[in-house]
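Below you'll find the structure, written out as C-alpha cells, and then a few comments.
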Amino acid sequence: MNDIDAIAALQDPVRRRLYEYVAAQGREVGRNEAAEATGVARTLAAHHLDRLAEAGLLDTGSRRLTGRSGPGAGRPAKVYTRAREERAVSLPARDYRTAAELLAEAAEQAGLDAGLCAAARRRGEALRGSAAPCGSLEEAMGTLAARGYEPHLEAAGGAEGAADAEGATGATPAVVRMRNCPFHAVAERFPPLVCGMNLALVEGLLGTDGPVRARMAARPGECCVVVEAVAAADEEL
C-alpha cells in the first residue's frame, strides 16, 4: 500500500481517533482499551484497528493482557502499536529529506555545529515571539505539541503518568519526553549535529531563563531532548 492510500485510511473519524489514541500511548494497546478510550464498541474498534494495520499505520502482536501465565491465564490478545515506518505525501512530489541530508553532511564536514545550533536557537526564539519563557511543564508540553513533538509526562525514574508535573515535595520529579523526533531520518545519519540542533531549537522555543530547562537525554525510539523543572535539573548537578 502506498503512502497516499495509507494516509487516506485516516479519513474515517473513528479510525483516526483510534490511531491517535494508540500512537499517544507509546506501548501496546489492546482492543478493549482502545474501544473504551475512544467510546466505540469493541467490534467496531477491532475492525478499524485491523484496517489501520492493513494500511501499515499500526503494527500488531499478541500477548496476555492479564499479566499472568500458565493454565488459566487466558488466550493471548491482539495488541497494536504505531508502525515505525514514516508516511509522507507531497503533491507535486518533493524531496526535502535528501536536501536536508546533503545540508547536514556539508555542515558536519565543515564543522558548522556551533553555527547551526545558534541558528536553531534563534529560530526557536523567533517562533516563540514576544511570549515569555514557558512557566511550567504543562505550558512547555503545549508549546512542543504545537511544533509537531509528542510530549508526555514521565517520572524521573521512568514511570509515566506522574501526578504532579512540577515535582512537588514527596513526589518524584517529572520530566517531559517526546515520543517522536521530528528530524528522525536525518538524525539517524548525523546524530551529534542534528540532536544538537534540536536541543538548541527547543531551548529557543521554551526560553533558557524560565523555570523549565531542556537538556540532552537520548533514548532509543524517542526524541533526544527532555524538559524538566529547573529545580529538578539543579538537584542532579
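Chains: A, B, ... in order of the C-alpha cells. Residues: from 1 per chain. Ligands: from 1, in order shown.
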For Arg215 in chain A, list every protein, DNA or RNA residue within 7 Å, evaluated using only C-alpha atoms, and leave out those in the same chain fewer than 2 positions away; present the list as a compact mmCIF listing (two decimals) with all heavy atoms, in the first residue's frame.
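To be explicit, this is the file written out as selection.txt:
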```
# COMPACT_ATOMS: atom_id res chain seq x y z
N LEU A 199 18.18 20.33 20.26
CA LEU A 199 18.22 20.88 21.62
C LEU A 199 18.20 22.40 21.58
O LEU A 199 17.46 23.04 22.34
CB LEU A 199 19.48 20.39 22.33
CG LEU A 199 19.74 20.98 23.72
CD1 LEU A 199 18.60 20.67 24.67
CD2 LEU A 199 21.06 20.48 24.28
N ARG A 213 13.75 23.75 31.83
CA ARG A 213 15.01 23.66 31.11
C ARG A 213 15.02 22.43 30.22
O ARG A 213 14.54 21.37 30.63
CB ARG A 213 16.17 23.59 32.11
CG ARG A 213 17.55 23.50 31.48
CD ARG A 213 18.62 23.37 32.55
NE ARG A 213 18.55 24.46 33.51
CZ ARG A 213 19.23 24.50 34.64
NH1 ARG A 213 20.04 23.50 34.96
NH2 ARG A 213 19.12 25.53 35.46
N ALA A 217 19.07 13.92 26.66
CA ALA A 217 18.90 12.65 27.38
C ALA A 217 18.36 11.64 26.37
O ALA A 217 17.18 11.29 26.39
CB ALA A 217 17.97 12.78 28.57
N VAL A 225 15.84 14.95 23.42
CA VAL A 225 15.74 16.06 24.37
C VAL A 225 14.65 15.78 25.39
O VAL A 225 13.58 15.25 25.06
CB VAL A 225 15.43 17.38 23.63
CG1 VAL A 225 15.19 18.52 24.60
CG2 VAL A 225 16.59 17.73 22.69
N VAL A 226 14.93 16.13 26.65
CA VAL A 226 13.90 16.12 27.69
C VAL A 226 13.78 17.51 28.26
O VAL A 226 14.72 18.33 28.16
CB VAL A 226 14.19 15.10 28.82
CG1 VAL A 226 14.27 13.69 28.27
CG2 VAL A 226 15.46 15.47 29.57
N VAL A 227 12.64 17.80 28.87
CA VAL A 227 12.42 19.09 29.51
C VAL A 227 12.05 18.82 30.96
O VAL A 227 11.25 17.93 31.25
CB VAL A 227 11.28 19.86 28.80
CG1 VAL A 227 11.03 21.20 29.49
CG2 VAL A 227 11.63 20.08 27.33
```
*asked:* Report as a PyMOL selection string all protein, DNA and RNA residues lying within 10 Å of Gly196 in chain A, evaluated on only C-alpha atoms, omitting residues in the same chain fewer than 6 positions from it.
replied: chain A and resi 113-114+116-117+120+187+215-216+224-225
_I'd like the neighbourhood of Met141 in chain A as a count of residues only, where a residue qualifies if any of its atoms comes within 12 Å (using only C-alpha atoms), though same-chain residues fewer than 2 positions away should be ignored._
31
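Coordinates place CA of Leu201 in chain A at a distance of 21.8 Å from CA of Ala231 in chain A.
For range 93-237 of chain A, a DSSP pass over the backbone yields strand (DSSP E or B) at A:Pro151, A:His152, A:Leu153, A:Glu154, A:Ala155, A:Glu160, A:Ala174, A:Val175, A:Val176, A:Arg177, A:Met178, A:Val212, A:Arg213, A:Ala214, A:Arg215, A:Met216, A:Val225, A:Val226, A:Val227, A:Glu228, A:Ala229.
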